[in-house]
>>> print(open('run.cif').read())   # mmCIF, C-alpha atoms
data_target
loop_
_atom_site.label_atom_id
_atom_site.label_comp_id
_atom_site.auth_asym_id
_atom_site.auth_seq_id
_atom_site.Cartn_x
_atom_site.Cartn_y
_atom_site.Cartn_z
CA MET A 703 58.01 167.51 33.09
CA SER A 704 60.98 169.25 34.71
CA ASP A 705 61.18 166.52 37.37
CA THR A 706 61.14 163.65 34.86
CA PRO A 707 64.28 161.60 35.51
CA ARG A 708 66.77 161.33 32.65
CA TYR A 709 69.99 159.45 33.37
CA VAL A 710 72.82 158.28 31.14
CA VAL A 711 75.03 156.02 33.25
CA PRO A 712 77.98 153.80 32.32
CA THR A 713 77.16 150.60 34.22
CA SER A 714 74.28 148.31 35.08
CA ALA A 715 75.09 148.76 38.78
CA ASP A 716 74.63 152.54 38.44
CA ALA A 717 71.33 151.97 36.62
CA THR A 718 70.13 149.57 39.33
CA SER A 719 70.91 152.16 42.00
CA VAL A 720 68.95 154.84 40.15
CA LEU A 721 66.03 152.52 39.38
CA ARG A 722 65.68 151.39 43.00
CA ARG A 723 65.58 155.00 44.19
CA LEU A 724 63.02 155.94 41.53
CA ALA A 725 60.84 152.91 42.34
CA ARG A 726 60.81 153.94 46.02
CA SER A 727 59.66 157.41 44.85
CA GLY A 728 56.64 155.95 43.04
CA TRP A 729 58.00 155.54 39.51
CA HIS A 730 57.19 152.37 37.56
CA THR A 731 60.15 150.82 35.75
CA ARG A 732 60.21 148.82 32.53
CA GLU A 733 63.08 147.48 30.46
CA GLY A 734 63.37 148.63 26.85
CA PHE A 735 62.68 151.97 25.19
CA ALA A 736 59.90 151.06 22.74
CA LEU A 737 56.46 152.39 23.69
CA ALA A 738 53.41 150.54 22.40
CA GLU A 739 50.94 152.66 24.41
CA ALA A 740 48.47 154.58 22.25
CA ALA A 741 48.48 157.72 24.39
CA TRP A 742 51.18 160.19 23.34
CA ASP A 743 51.64 161.93 26.69
CA MET A 744 53.05 159.37 29.11
CA ALA A 745 53.99 161.80 31.89
CA GLU A 746 51.01 160.86 34.07
CA ALA A 747 52.05 157.19 33.99
CA ARG A 748 55.26 157.97 35.93
CA LEU A 749 57.04 155.38 33.82
CA VAL A 750 60.83 155.02 33.65
CA LEU A 751 62.24 153.01 30.76
CA PHE A 752 65.72 151.56 31.09
CA GLY A 753 68.25 149.50 29.21
CA ARG A 754 71.52 149.39 27.34
CA VAL A 755 71.99 151.78 24.42
CA PRO A 756 74.37 150.00 22.03
CA ASP A 757 73.49 151.90 18.84
CA THR A 758 71.87 155.02 17.39
CA GLU A 759 68.55 153.25 16.74
CA THR A 760 68.17 152.44 20.45
CA ALA A 761 69.24 156.00 21.33
CA HIS A 762 66.54 157.30 19.00
CA LEU A 763 63.91 155.15 20.75
CA ALA A 764 65.08 156.45 24.15
CA VAL A 765 64.83 160.10 23.04
CA LEU A 766 61.39 159.52 21.52
CA ALA A 767 60.18 157.88 24.74
CA ALA A 768 61.57 160.79 26.77
CA ALA A 769 59.81 163.26 24.47
CA ARG A 770 56.56 161.45 25.28
CA GLY A 771 57.14 162.07 29.00
CA THR A 772 58.76 158.90 30.27
CA GLY A 773 61.81 158.86 32.48
CA ILE A 774 64.94 157.32 31.00
CA VAL A 775 67.83 155.40 32.51
CA ALA A 776 70.18 154.65 29.62
CA ILE A 777 73.23 152.46 30.09
CA THR A 778 76.04 153.66 27.83
CA ASP A 779 79.31 155.51 28.27
CA PRO A 780 78.29 159.19 28.70
CA ALA A 781 81.76 160.24 27.49
CA GLY A 782 81.65 158.13 24.32
CA GLU A 783 80.38 159.43 20.99
CA LEU A 784 76.98 157.74 21.30
CA GLY A 785 76.65 158.77 24.96
CA ARG A 786 77.47 162.41 24.22
CA ALA A 787 74.91 162.48 21.40
CA LEU A 788 72.28 160.88 23.65
CA VAL A 789 72.98 163.36 26.47
CA ALA A 790 72.73 166.25 23.99
CA ASP A 791 69.42 165.02 22.56
CA LEU A 792 67.90 164.31 25.98
CA GLY A 793 69.22 167.66 27.19
CA ARG A 794 66.88 169.42 24.78
CA LEU A 795 64.02 168.06 26.89
CA GLY A 796 65.44 168.93 30.30
CA PRO A 797 68.24 168.08 32.72
CA VAL A 798 70.19 164.86 32.13
CA TYR A 799 72.21 163.24 34.91
CA ALA A 800 75.34 161.11 34.54
CA ASP A 801 75.79 160.76 38.30
CA PRO A 802 73.58 157.95 39.65
CA ASP A 803 73.30 159.80 42.97
CA ALA A 804 71.98 163.01 41.37
CA GLU A 805 68.35 163.84 42.15
CA PRO A 806 66.03 165.26 39.47
CA GLU A 807 64.46 167.66 41.94
CA PRO A 808 63.96 171.31 40.98
CA ASP A 809 66.28 173.74 42.75
CA GLY A 810 64.65 177.13 43.14
CA ASP A 811 67.99 178.98 43.22
CA ASP A 812 68.80 178.51 39.52
CA LEU A 813 65.54 178.46 37.61
CA VAL A 814 67.14 179.85 34.44
CA GLY A 815 69.58 176.93 34.53
CA GLN A 816 66.62 174.55 34.51
CA LEU A 817 65.23 176.02 31.29
CA VAL A 818 65.96 173.90 28.22
CA PRO A 819 68.06 175.62 25.53
CA GLU A 820 65.02 176.26 23.32
CA GLN A 821 63.24 178.05 26.17
CA ARG A 822 66.29 180.22 26.92
CA ALA A 823 66.73 181.07 23.23
CA LEU A 824 63.06 182.04 22.87
CA LEU A 825 63.09 184.16 26.04
CA GLU A 826 66.30 185.85 24.90
CA ARG A 827 64.74 186.75 21.55
CA LEU A 828 61.56 187.99 23.23
CA ALA A 829 63.71 190.12 25.54
CA ASN A 830 65.31 191.63 22.43
CA GLY A 831 61.89 192.69 21.16
CA GLU A 832 61.02 189.90 18.74
CA THR A 833 57.50 188.50 18.54
CA ILE A 834 56.90 184.87 19.47
CA ALA A 835 56.30 184.09 15.78
CA ALA A 836 59.61 185.72 14.74
CA ALA A 837 61.49 184.03 17.59
CA ALA A 838 59.96 180.65 16.64
CA ALA A 839 60.97 181.05 13.01
CA ALA A 840 64.51 182.10 13.97
CA GLU A 841 64.83 179.03 16.20
CA PHE A 842 63.34 176.72 13.53
CA LEU A 843 60.33 175.88 15.71
CA SER A 844 56.66 175.83 14.84
CA LEU A 845 54.62 178.57 16.48
CA ARG A 846 52.77 175.91 18.48
CA THR A 847 56.01 174.42 19.82
CA ALA A 848 57.33 177.89 20.67
CA ASN A 849 54.14 178.68 22.58
CA ARG A 850 54.45 175.38 24.46
CA ARG A 851 58.08 176.08 25.37
CA ILE A 852 57.17 179.57 26.60
CA ALA A 853 54.25 178.14 28.64
CA GLN A 854 56.62 175.58 30.21
CA ALA A 855 59.07 178.38 30.99
CA ARG A 856 56.28 180.40 32.63
CA ASP A 857 55.37 177.41 34.80
CA LEU A 858 58.98 176.83 35.79
CA LEU A 859 59.59 180.51 36.56
CA GLY A 860 56.31 180.70 38.52
CA VAL A 861 54.74 183.53 36.52
CA ARG A 862 51.47 183.95 34.66
CA THR A 863 52.33 185.99 31.58
CA THR A 864 55.00 185.83 28.91
CA ARG A 865 56.05 189.39 29.78
CA GLU A 866 56.59 188.33 33.40
CA ALA A 867 58.55 185.29 32.18
CA VAL A 868 60.87 187.49 30.10
CA LEU A 869 61.40 189.83 33.06
CA ALA A 870 62.06 186.91 35.45
CA TYR A 871 64.47 185.41 32.90
CA LEU A 872 66.37 188.71 32.58
CA ARG A 873 66.56 189.15 36.37
CA GLN A 874 67.82 185.64 37.02
CA ARG A 875 70.14 185.59 34.02
CA GLY A 876 72.01 188.46 35.63
#
>>> encode(input="run.cif", output="structure tokens")
Amino acid sequence: MSDTPRYVVPTSADATSVLRRLARSGWHTREGFALAEAAWDMAEARLVLFGRVPDTETAHLAVLAAARGTGIVAITDPAGELGRALVADLGRLGPVYADPDAEPEPDGDDLVGQLVPEQRALLERLANGETIAAAAAAEFLSLRTANRRIAQARDLLGVRTTREAVLAYLRQRG
């Protein structure tokens, strides 16, 4: 999921540029953010949803679609109130790009920077000696969600165990 494209761009021309590049990379594009598909996990579909985001309801649909694993190309002012809120919400899922030329490719040099805030917070708490259950409760996450976030962090950091993930996090954090 770390390579799922998430863009918030100000113009239709920027969106078109991003969508063309994604289509050449094998992503399927579809206008609108509503998902009627029954399957929850849409990551395997390599689907990118796009469109204008004029209000909070549309922003909510975009975030929900992104949480289900679709790519997002949202057209709204990233510096405006709605755009900042959308970038913040999408940022909880992974990197969000405002530059249409930015590539959502993992960069091995800064793996800690690729962790979502929840993953960093959990790893920080684990490094301070808390259990996963205590860290989850402190971060207002269910234990299942915390375990998923830690598993995603392990995958991203290229390690097998949570202990190794904490050590890799501490090394790369500096």
>>> atom_distance(input="run.cif", atom1="CA of Ser719 in chain A", atom2="CA of Leu817 in chain A")
26.8 Å
>>> residues_around(input="run.cif", residues="Ala804 in chain A", least_positions_apart="5", cutoff="12 Å", atoms="all atoms listed in the file", output="NGL selection string")
:A and (707-711 or 716 or 719-720 or 723-724 or 797-799)
>>> resolve_selection(input="run.cif", expression="the PyMOL selection byres ((chain A and resi 749) around 6)", output="list in words")
Trp729, His730, Thr731, Ala747, Arg748, Val750 and Thr772 of chain A
>>> resolve_selection(input="run.cif", expression="the PyMOL selection byres ((chain A and resi 779-786) around 10)", output="list in words")
Tyr709, Val710, Val711, Pro712, Thr713, Arg754, Val755, Pro756, Asp757, Thr758, Ala761, Ala776, Ile777, Thr778, Ala787, Leu788, Val789, Ala790, Asp791, Leu792, Tyr799 and Ala800 of chain A
>>> write_last_selection(input="run.cif", atoms="C-alpha atoms", output="PDB file, in the coordinates of the input")
ATOM      1  CA  TYR A 709      69.990 159.450  33.370  1.00  0.00           C
ATOM      2  CA  VAL A 710      72.820 158.280  31.140  1.00  0.00           C
ATOM      3  CA  VAL A 711      75.030 156.020  33.250  1.00  0.00           C
ATOM      4  CA  PRO A 712      77.980 153.800  32.320  1.00  0.00           C
ATOM      5  CA  THR A 713      77.160 150.600  34.220  1.00  0.00           C
ATOM      6  CA  ARG A 754      71.520 149.390  27.340  1.00  0.00           C
ATOM      7  CA  VAL A 755      71.990 151.780  24.420  1.00  0.00           C
ATOM      8  CA  PRO A 756      74.370 150.000  22.030  1.00  0.00           C
ATOM      9  CA  ASP A 757      73.490 151.900  18.840  1.00  0.00           C
ATOM     10  CA  THR A 758      71.870 155.020  17.390  1.00  0.00           C
ATOM     11  CA  ALA A 761      69.240 156.000  21.330  1.00  0.00           C
ATOM     12  CA  ALA A 776      70.180 154.650  29.620  1.00  0.00           C
ATOM     13  CA  ILE A 777      73.230 152.460  30.090  1.00  0.00           C
ATOM     14  CA  THR A 778      76.040 153.660  27.830  1.00  0.00           C
ATOM     15  CA  ALA A 787      74.910 162.480  21.400  1.00  0.00           C
ATOM     16  CA  LEU A 788      72.280 160.880  23.650  1.00  0.00           C
ATOM     17  CA  VAL A 789      72.980 163.360  26.470  1.00  0.00           C
ATOM     18  CA  ALA A 790      72.730 166.250  23.990  1.00  0.00           C
ATOM     19  CA  ASP A 791      69.420 165.020  22.560  1.00  0.00           C
ATOM     20  CA  LEU A 792      67.900 164.310  25.980  1.00  0.00           C
ATOM     21  CA  TYR A 799      72.210 163.240  34.910  1.00  0.00           C
ATOM     22  CA  ALA A 800      75.340 161.110  34.540  1.00  0.00           C
TER      23      ALA A 800
END
>>> closest_residue(input="run.cif", among="A:Thr847, A:Thr863, A:Gln854, A:Thr718", to="Pro802 in chain A", atoms="all atoms listed in the file")
A:Thr718
>>> atom_distance(input="run.cif", atom1="CA of Ala836 in chain A", atom2="CA of Arg794 in chain A")
20.5 Å
>>> decode(input="run.cif", residues="range 852-864 of chain A", atoms="N, CA, C and O atoms", output="PDB file, in the first residue's frame")
ATOM      1  N   ILE A 852       1.787  -2.140  12.787  1.00  0.00           N
ATOM      2  CA  ILE A 852       3.133  -2.649  13.084  1.00  0.00           C
ATOM      3  C   ILE A 852       3.565  -3.623  11.984  1.00  0.00           C
ATOM      4  O   ILE A 852       4.715  -3.596  11.538  1.00  0.00           O
ATOM      5  N   ALA A 853       2.655  -4.469  11.507  1.00  0.00           N
ATOM      6  CA  ALA A 853       2.989  -5.406  10.424  1.00  0.00           C
ATOM      7  C   ALA A 853       3.358  -4.637   9.156  1.00  0.00           C
ATOM      8  O   ALA A 853       4.314  -4.997   8.453  1.00  0.00           O
ATOM      9  N   GLN A 854       2.629  -3.574   8.854  1.00  0.00           N
ATOM     10  CA  GLN A 854       2.952  -2.743   7.687  1.00  0.00           C
ATOM     11  C   GLN A 854       4.319  -2.091   7.861  1.00  0.00           C
ATOM     12  O   GLN A 854       5.099  -2.004   6.918  1.00  0.00           O
ATOM     13  N   ALA A 855       4.609  -1.644   9.073  1.00  0.00           N
ATOM     14  CA  ALA A 855       5.917  -1.034   9.353  1.00  0.00           C
ATOM     15  C   ALA A 855       7.029  -2.062   9.187  1.00  0.00           C
ATOM     16  O   ALA A 855       8.088  -1.753   8.625  1.00  0.00           O
ATOM     17  N   ARG A 856       6.796  -3.294   9.646  1.00  0.00           N
ATOM     18  CA  ARG A 856       7.800  -4.357   9.465  1.00  0.00           C
ATOM     19  C   ARG A 856       8.074  -4.588   7.994  1.00  0.00           C
ATOM     20  O   ARG A 856       9.229  -4.705   7.575  1.00  0.00           O
ATOM     21  N   ASP A 857       7.009  -4.654   7.192  1.00  0.00           N
ATOM     22  CA  ASP A 857       7.174  -4.846   5.741  1.00  0.00           C
ATOM     23  C   ASP A 857       7.974  -3.704   5.126  1.00  0.00           C
ATOM     24  O   ASP A 857       8.893  -3.936   4.340  1.00  0.00           O
ATOM     25  N   LEU A 858       7.624  -2.490   5.476  1.00  0.00           N
ATOM     26  CA  LEU A 858       8.308  -1.327   4.920  1.00  0.00           C
ATOM     27  C   LEU A 858       9.783  -1.298   5.326  1.00  0.00           C
ATOM     28  O   LEU A 858      10.648  -0.993   4.516  1.00  0.00           O
ATOM     29  N   LEU A 859      10.058  -1.632   6.584  1.00  0.00           N
ATOM     30  CA  LEU A 859      11.430  -1.599   7.085  1.00  0.00           C
ATOM     31  C   LEU A 859      12.219  -2.837   6.677  1.00  0.00           C
ATOM     32  O   LEU A 859      13.433  -2.897   6.892  1.00  0.00           O
ATOM     33  N   GLY A 860      11.535  -3.841   6.107  1.00  0.00           N
ATOM     34  CA  GLY A 860      12.217  -5.034   5.615  1.00  0.00           C
ATOM     35  C   GLY A 860      12.708  -5.958   6.712  1.00  0.00           C
ATOM     36  O   GLY A 860      13.767  -6.575   6.583  1.00  0.00           O
ATOM     37  N   VAL A 861      11.929  -6.064   7.796  1.00  0.00           N
ATOM     38  CA  VAL A 861      12.305  -6.938   8.914  1.00  0.00           C
ATOM     39  C   VAL A 861      11.182  -7.923   9.192  1.00  0.00           C
ATOM     40  O   VAL A 861      10.050  -7.736   8.726  1.00  0.00           O
ATOM     41  N   ARG A 862      11.511  -8.956   9.977  1.00  0.00           N
ATOM     42  CA  ARG A 862      10.517 -10.003  10.237  1.00  0.00           C
ATOM     43  C   ARG A 862       9.792  -9.840  11.559  1.00  0.00           C
ATOM     44  O   ARG A 862       8.641 -10.217  11.689  1.00  0.00           O
ATOM     45  N   THR A 863      10.471  -9.318  12.581  1.00  0.00           N
ATOM     46  CA  THR A 863       9.853  -9.258  13.906  1.00  0.00           C
ATOM     47  C   THR A 863       9.608  -7.821  14.333  1.00  0.00           C
ATOM     48  O   THR A 863      10.232  -6.883  13.824  1.00  0.00           O
ATOM     49  N   THR A 864       8.720  -7.661  15.307  1.00  0.00           N
ATOM     50  CA  THR A 864       8.436  -6.330  15.836  1.00  0.00           C
ATOM     51  C   THR A 864       9.676  -5.765  16.526  1.00  0.00           C
ATOM     52  O   THR A 864       9.971  -4.578  16.404  1.00  0.00           O
TER      53      THR A 864
END
